[in-house]
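Down below is the structure, laid out as structure tokens.
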Amino acid sequence: MRIAFSTTCILILSLTLNIEGQTESTSQTVSTDLGANVSSQITRERREQAYAKLLEGQRYYWQMIRQRSRLNFTNYAKLAKQAFQRAIELDPTLSEAYTALAELAIYSQPVNLEEALAMANTAVKVNPNNFGAHRILAGIYSLKSGINGNKYNSEFAQKAIQEWKEVTRLDPRNAEGWAFLSEFYEKEGRQEEKIEALRKWLSSATPVDTRFYRMVFGGWADISPETAAVRLGRALIKSNRIQEAIEILSPIAADQPENGDVLDALRDAVMMAEPDVAAKAISALEQAAMANPYNYPVVEALIGVQLFVGRPLDAVNRLKTIIANLQASEKDKKQLTPYYLKLGESYLEAENLNEAIEAYEEALKINNLYNSQATTENDVYLAERIFSYIISAYKVFGRYAEAKVAIERARLVLGASNPFPDKQMISILVETGKKQEALQTIKSLRNRFPNDENLVLQEAQILARNQRLEEGINLIKSLMKQKGKPMVPEDFRYLINVAELYTQADQPRSAIMAVTEFQKIAQTPEQKLIAKILLSNAYYQAGNFAEAEKILSDVLQQSPDNPLVLNNLGYFLVEQNKQVDKAVEMIKKAVRSDPTNPSYLDSLGWAYFKLGNYNEAEKYIRRAIRRGADSTEIYDHMGDILNKQGKYDAARSFWQKALNLAMNEKQAEQIREKLRRIR
């Protein structure tokens, strides 16, 4: 019985195959006269001799790949090639010998892909079921297709797809074949076929030889079942088959809590799921978190999902249990810091300010930062982070006096030379309508820290709020490397701030001019995208809604999953009461990609408001506020929602905050009118 030539071997790139005296290619010297009469004319003795030569060549081949010496490698390669050629001379129907020669051609230096193609094609003509030859053809066509590069060759891609289909026909559990097919189907937009290929990949045996996949997609490319599961989950999510995605990912997350890719995919699936479907994923994450509570990313994924689906008390109780268990065994209490910070966030989601503050205070205590001065760079960073949470929490609940007390505590911990407390105080002054005092404070702070560009940008914002827009614009322009024209790429960041400030100040024409200037210096795809988004914002502010929508729609055609574009276009549609249901789905997609982004949360809440779902609207905009967004629009939206619910005192409070933050007189007058009309 014949055995297929093994293609399981190590790719040796450092050695060459230079057979002396072989000036003609094997495809030219080997007979390919494979007519119907050839097989009948070959005697049994010649077949046995041919098979013996094939085995001899295989022995030389295995000796070859074990060599470290270039000379020995070359000698064994020469012997192997001669043996395979002799086998074909004795029996031209011995397809395994052609496959063996194709394999050798791949190892030549330089690699002779055309020779390998010729031999592999001959092998499959002799025997259409030659697995090794089909795999070589599939691998070479995949390389030629450019699937992992910029130039995709559809002709070679189709040949590769056909050959990988043959590979999986002959070996239905060939992971490499299904992995390649899933990549090609993805490239060609054949989503259902991709999902089916991924399912087959997931159920396949872990392959020993993944040479071609690594050659095409990089040496670290992985085709393990876990990788297949993540990709299948992502594909199902993309096709809105959420329950199937959760069923695939949940058991892997429970068994492998250290697998961050699985956790990320499962979290994304849950954020799109209905409550009853999400429950299964949450159960799997709970199992993983309790099995390994020291693995904070797992715990964070669980709590993030619970908060997203509106179960903050479950998150609180789970965290309290985990912290209690860790306290009993963890000697270094500082390791509990992220758990306490997440507990504080969970309490805030449950509208429990006092408990949230206690959790944040505990994080300060275990790091010896409660009343002691921070001494290391690490301590300073952590203290700033925790105090920012505390101050933000007080601000969200309108408890500014306590926020100021926290600022003074931060000053003691961080030292007099740290600007953090003053920056926080400036934010409170602006939010409470004390704009002149805020301006004086930031000017004083800038004198102490003249090289802090963020202070310059913040002062420009405050100047604009004080109806001194051009002073703010000139202040930003003073940072530019090139003070006049033409602009230089290094000034891109400042031009963005100029355009945003003009848009916020209700001067869209000036914003359009600014965007036009930095479109000329935009170099990277990211810069060009930012320019288009800012231009659409300016056109929208100018009342040219059609042009604003057109810009974003065009961008979305090229980048259909960009969350910022999805959010902005969705918001534009909502504001005009156009295709609100479609807009909601677009904004939801943006939120799923970044569930803590206050702008995305605000857009979703406002969309629900337009649909008359005031409870959902309040939920998402409160989340946006808790993310520390000092935004006129967000506070204004919350006032509108509370007013609709008959919560007039609360609405008045939020509208007043919005008025304090207003960037232009038109915006301020609209809010004043609401305050005048409220009961």
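Lettering and numbering for the structure tokens are positional, with chains as A, B, ... in the shown order, residues counted from 1 in each chain, and ligands counted from 1 in the shown order.
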All residues 8 Å or closer to Ala499 in chain A, only C-alpha atoms, same chain fewer than 4 positions away omitted, as a ChimeraX atom specification: /A:495,503,510-512,514-515,534
Using only C-alpha atoms, find the one residue out of A:Lys78, A:Asn127, A:Tyr614, A:Asp91 that sits nearest to Leu104 in chain A.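 Nearest to Leu104 in chain A: A:Lys78.
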What's around range 335-344 of chain A at 10 Å? Count only C-alpha atoms, leave out sequence neighbours fewer than 5 positions away in its own chain, and write the answer as a PyMOL selection string. chain A and resi 294+296-297+299-300+303-304+312+315-320+322-323+326-327+330+349-350+352-367+382+385-386+389-390+393
Long-range neighbours of Arg86 in chain A as a list in words, 10 Å cut-off, only C-alpha atoms, 2 positions minimum in chain: Val30, Gln49, Ala50, Lys53, Leu54, Gly57, Ala80, Lys81, Gln82, Ala83, Phe84, Ile88, Glu89, Leu90, Asp91, Pro92 and Ala97 of chain A
Preceding selection exported with C-alpha atoms as an mmCIF file, in the first residue's frame:
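The result, written out as selection-v2.cif:
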```cif
data_model
loop_
_atom_site.group_PDB
_atom_site.id
_atom_site.type_symbol
_atom_site.label_atom_id
_atom_site.label_comp_id
_atom_site.auth_asym_id
_atom_site.auth_seq_id
_atom_site.Cartn_x
_atom_site.Cartn_y
_atom_site.Cartn_z
ATOM 1 C CA VAL A 30 10.773 14.428 -15.704
ATOM 2 C CA GLN A 49 11.541 -0.504 -7.482
ATOM 3 C CA ALA A 50 9.887 2.926 -7.814
ATOM 4 C CA LYS A 53 13.273 4.753 -4.487
ATOM 5 C CA LEU A 54 10.481 6.908 -3.036
ATOM 6 C CA GLY A 57 14.297 9.684 -1.142
ATOM 7 C CA ALA A 80 16.716 12.973 -2.260
ATOM 8 C CA LYS A 81 15.988 14.675 -5.570
ATOM 9 C CA GLN A 82 17.817 12.021 -7.568
ATOM 10 C CA ALA A 83 15.919 9.257 -5.763
ATOM 11 C CA PHE A 84 12.525 10.926 -6.398
ATOM 12 C CA ILE A 88 9.221 8.714 -11.470
ATOM 13 C CA GLU A 89 11.320 7.221 -14.268
ATOM 14 C CA LEU A 90 10.452 3.756 -12.987
ATOM 15 C CA ASP A 91 6.752 4.591 -12.425
ATOM 16 C CA PRO A 92 5.405 7.862 -13.916
ATOM 17 C CA ALA A 97 7.109 11.296 -6.015
#
```
For Gln467 in chain A, list every protein, DNA or RNA residue within 10 Å, evaluated using only C-alpha atoms, and leave out those in the same chain fewer than 2 positions away; present the list as a list in words. Ile462, Leu463, Ala464, Arg465, Leu469, Glu470, Glu471, Gly472, Ala505, Met663, Asn664 and Glu665 of chain A
Using only C-alpha atoms, please write the residues we just selected to a file, as a compact mmCIF listing (two decimals), in the first residue's frame.
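To be explicit, this is the file written out as selection-v2.txt:
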```txt
# COMPACT_ATOMS: atom_id res chain seq x y z
CA ILE A 462 -12.57 79.71 29.46
CA LEU A 463 -11.88 82.85 27.43
CA ALA A 464 -14.47 81.70 24.88
CA ARG A 465 -16.99 81.13 27.68
CA LEU A 469 -13.28 84.02 21.64
CA GLU A 470 -10.60 85.67 19.52
CA GLU A 471 -8.30 85.96 22.54
CA GLY A 472 -8.72 82.23 23.04
CA ALA A 505 -18.79 79.32 19.75
CA MET A 663 -19.95 78.41 24.93
CA ASN A 664 -21.99 81.01 23.01
CA GLU A 665 -24.81 83.48 23.56
```
Atomic separation - CA of Arg59 in chain A relative to CA of Leu101 in chain A, Å: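 We find that CA of Leu101 in chain A and CA of Arg59 in chain A lie 13.8 Å from each other.
Across A:Thr122, A:Asn537, A:Ser599, A:Gln579, the tightest approach to Pro563 in chain A is made by A:Ser599 when counting only C-alpha atoms.
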Would you mind reading off the distance between CA of Ala617 in chain A and CA of Thr432 in chain A, one decimal, in Å?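 Distance reported for this atom pair: 24.7 Å.
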Extract, using only C-alpha atoms, all DNA, RNA and protein residues at most 12 Å from Ala538 in chain A, discarding same-chain residues fewer than 2 positions from it, and format them as a PyMOL selection string. chain A and resi 496+498-516+531-536+540-545+547-549+551
Keeping only C-alpha atoms, take the residues you just selected and write them out as a PDB file, in the first residue's frame.
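Listing of selection_27.pdb after writing:
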```pdb
ATOM      1  CA  ILE A 496      -8.151  70.926  15.609  1.00  0.00           C
ATOM      2  CA  VAL A 498      -9.183  76.118  16.799  1.00  0.00           C
ATOM      3  CA  ALA A 499     -11.844  74.455  14.632  1.00  0.00           C
ATOM      4  CA  GLU A 500     -13.601  72.941  17.649  1.00  0.00           C
ATOM      5  CA  LEU A 501     -13.593  76.258  19.498  1.00  0.00           C
ATOM      6  CA  TYR A 502     -15.106  78.096  16.517  1.00  0.00           C
ATOM      7  CA  THR A 503     -17.793  75.402  16.178  1.00  0.00           C
ATOM      8  CA  GLN A 504     -18.638  75.519  19.906  1.00  0.00           C
ATOM      9  CA  ALA A 505     -18.792  79.323  19.753  1.00  0.00           C
ATOM     10  CA  ASP A 506     -21.368  79.116  16.919  1.00  0.00           C
ATOM     11  CA  GLN A 507     -19.002  80.467  14.283  1.00  0.00           C
ATOM     12  CA  PRO A 508     -19.169  77.607  11.762  1.00  0.00           C
ATOM     13  CA  ARG A 509     -17.795  79.573   8.811  1.00  0.00           C
ATOM     14  CA  SER A 510     -14.576  80.272  10.701  1.00  0.00           C
ATOM     15  CA  ALA A 511     -14.519  76.596  11.717  1.00  0.00           C
ATOM     16  CA  ILE A 512     -14.838  75.525   8.064  1.00  0.00           C
ATOM     17  CA  MET A 513     -11.948  77.818   7.125  1.00  0.00           C
ATOM     18  CA  ALA A 514      -9.797  76.348   9.914  1.00  0.00           C
ATOM     19  CA  VAL A 515     -10.595  72.794   8.847  1.00  0.00           C
ATOM     20  CA  THR A 516      -9.785  73.658   5.239  1.00  0.00           C
ATOM     21  CA  ALA A 531     -10.557  66.644   9.336  1.00  0.00           C
ATOM     22  CA  LYS A 532     -13.678  65.190   7.687  1.00  0.00           C
ATOM     23  CA  ILE A 533     -15.425  64.694  11.033  1.00  0.00           C
ATOM     24  CA  LEU A 534     -14.692  68.267  12.124  1.00  0.00           C
ATOM     25  CA  LEU A 535     -15.821  69.580   8.750  1.00  0.00           C
ATOM     26  CA  SER A 536     -19.115  67.712   9.076  1.00  0.00           C
ATOM     27  CA  TYR A 540     -24.037  70.882  10.735  1.00  0.00           C
ATOM     28  CA  GLN A 541     -23.590  73.894  13.012  1.00  0.00           C
ATOM     29  CA  ALA A 542     -23.994  76.125   9.936  1.00  0.00           C
ATOM     30  CA  GLY A 543     -27.332  74.468   9.176  1.00  0.00           C
ATOM     31  CA  ASN A 544     -26.092  72.626   6.103  1.00  0.00           C
ATOM     32  CA  PHE A 545     -27.404  69.273   7.322  1.00  0.00           C
ATOM     33  CA  GLU A 547     -23.564  68.273   3.468  1.00  0.00           C
ATOM     34  CA  ALA A 548     -22.776  67.219   7.046  1.00  0.00           C
ATOM     35  CA  GLU A 549     -24.600  63.906   6.548  1.00  0.00           C
ATOM     36  CA  ILE A 551     -19.470  63.716   4.533  1.00  0.00           C
TER      37      ILE A 551
END
```
Can you list, as a list of chain:residue names, every protein, DNA or RNA residue that comes within 10 Å of Met215 in chain A when you count only C-alpha atoms, leaving out same-chain residues fewer than 6 positions away?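 Here the answer would be A:Leu11, A:Gly139, A:Ile140, A:Ser142, A:Leu143, A:Ala221.
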In Å, how far is it from CA of Val277 in chain A to CA of Arg234 in chain A?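 Interatomic distance, CA of Val277 in chain A to CA of Arg234 in chain A: 16.4 Å.
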Taking the chain letters and numbering used in this document, name the residues of range 433-656 of chain A that DSSP puts in helix (DSSP H, G or I), as a count of residues only. 170
Each range 376-443 of chain A residue no farther than 12 Å from range 621-627 of chain A, nearest pair in Å, only C-alpha atoms, as JSON lines:
```
{"residue": "A:Ser388", "atom": "CA", "partner": "A:Arg627", "partner_atom": "CA", "distance": 11.0}
{"residue": "A:Tyr389", "atom": "CA", "partner": "A:Arg627", "partner_atom": "CA", "distance": 9.4}
{"residue": "A:Ile390", "atom": "CA", "partner": "A:Arg626", "partner_atom": "CA", "distance": 11.3}
{"residue": "A:Ile391", "atom": "CA", "partner": "A:Arg626", "partner_atom": "CA", "distance": 11.2}
{"residue": "A:Ser392", "atom": "CA", "partner": "A:Arg626", "partner_atom": "CA", "distance": 7.5}
{"residue": "A:Ala393", "atom": "CA", "partner": "A:Arg626", "partner_atom": "CA", "distance": 7.1}
{"residue": "A:Tyr394", "atom": "CA", "partner": "A:Arg626", "partner_atom": "CA", "distance": 10.0}
{"residue": "A:Lys395", "atom": "CA", "partner": "A:Arg626", "partner_atom": "CA", "distance": 9.1}
{"residue": "A:Val396", "atom": "CA", "partner": "A:Arg626", "partner_atom": "CA", "distance": 6.2}
{"residue": "A:Phe397", "atom": "CA", "partner": "A:Arg626", "partner_atom": "CA", "distance": 9.2}
{"residue": "A:Gly398", "atom": "CA", "partner": "A:Ile625", "partner_atom": "CA", "distance": 11.4}
```
Kindly export the residues of the current selection with N, CA and C atoms, as a PDB file, in the first residue's frame.
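out.pdb, written as the output of this step:
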```pdb
ATOM      1  N   SER A 388      -9.400  62.251  41.678  1.00  0.00           N
ATOM      2  CA  SER A 388     -10.247  62.692  40.557  1.00  0.00           C
ATOM      3  C   SER A 388     -11.588  61.965  40.580  1.00  0.00           C
ATOM      4  N   TYR A 389     -11.578  60.678  40.967  1.00  0.00           N
ATOM      5  CA  TYR A 389     -12.832  59.936  41.093  1.00  0.00           C
ATOM      6  C   TYR A 389     -13.706  60.530  42.203  1.00  0.00           C
ATOM      7  N   ILE A 390     -13.075  60.839  43.335  1.00  0.00           N
ATOM      8  CA  ILE A 390     -13.821  61.380  44.473  1.00  0.00           C
ATOM      9  C   ILE A 390     -14.428  62.736  44.120  1.00  0.00           C
ATOM     10  N   ILE A 391     -13.625  63.615  43.553  1.00  0.00           N
ATOM     11  CA  ILE A 391     -14.096  64.959  43.207  1.00  0.00           C
ATOM     12  C   ILE A 391     -15.200  64.885  42.162  1.00  0.00           C
ATOM     13  N   SER A 392     -15.003  64.048  41.160  1.00  0.00           N
ATOM     14  CA  SER A 392     -16.013  63.890  40.108  1.00  0.00           C
ATOM     15  C   SER A 392     -17.324  63.373  40.679  1.00  0.00           C
ATOM     16  N   ALA A 393     -17.243  62.416  41.608  1.00  0.00           N
ATOM     17  CA  ALA A 393     -18.463  61.858  42.209  1.00  0.00           C
ATOM     18  C   ALA A 393     -19.238  62.943  42.955  1.00  0.00           C
ATOM     19  N   TYR A 394     -18.552  63.751  43.738  1.00  0.00           N
ATOM     20  CA  TYR A 394     -19.229  64.843  44.448  1.00  0.00           C
ATOM     21  C   TYR A 394     -19.859  65.826  43.464  1.00  0.00           C
ATOM     22  N   LYS A 395     -19.140  66.137  42.389  1.00  0.00           N
ATOM     23  CA  LYS A 395     -19.670  67.081  41.396  1.00  0.00           C
ATOM     24  C   LYS A 395     -20.943  66.543  40.740  1.00  0.00           C
ATOM     25  N   VAL A 396     -20.943  65.248  40.413  1.00  0.00           N
ATOM     26  CA  VAL A 396     -22.115  64.642  39.765  1.00  0.00           C
ATOM     27  C   VAL A 396     -23.360  64.810  40.626  1.00  0.00           C
ATOM     28  N   PHE A 397     -23.181  64.714  41.930  1.00  0.00           N
ATOM     29  CA  PHE A 397     -24.317  64.824  42.845  1.00  0.00           C
ATOM     30  C   PHE A 397     -24.531  66.260  43.325  1.00  0.00           C
ATOM     31  N   GLY A 398     -23.789  67.204  42.731  1.00  0.00           N
ATOM     32  CA  GLY A 398     -23.982  68.613  43.062  1.00  0.00           C
ATOM     33  C   GLY A 398     -23.468  69.009  44.424  1.00  0.00           C
TER      34      GLY A 398
END
```
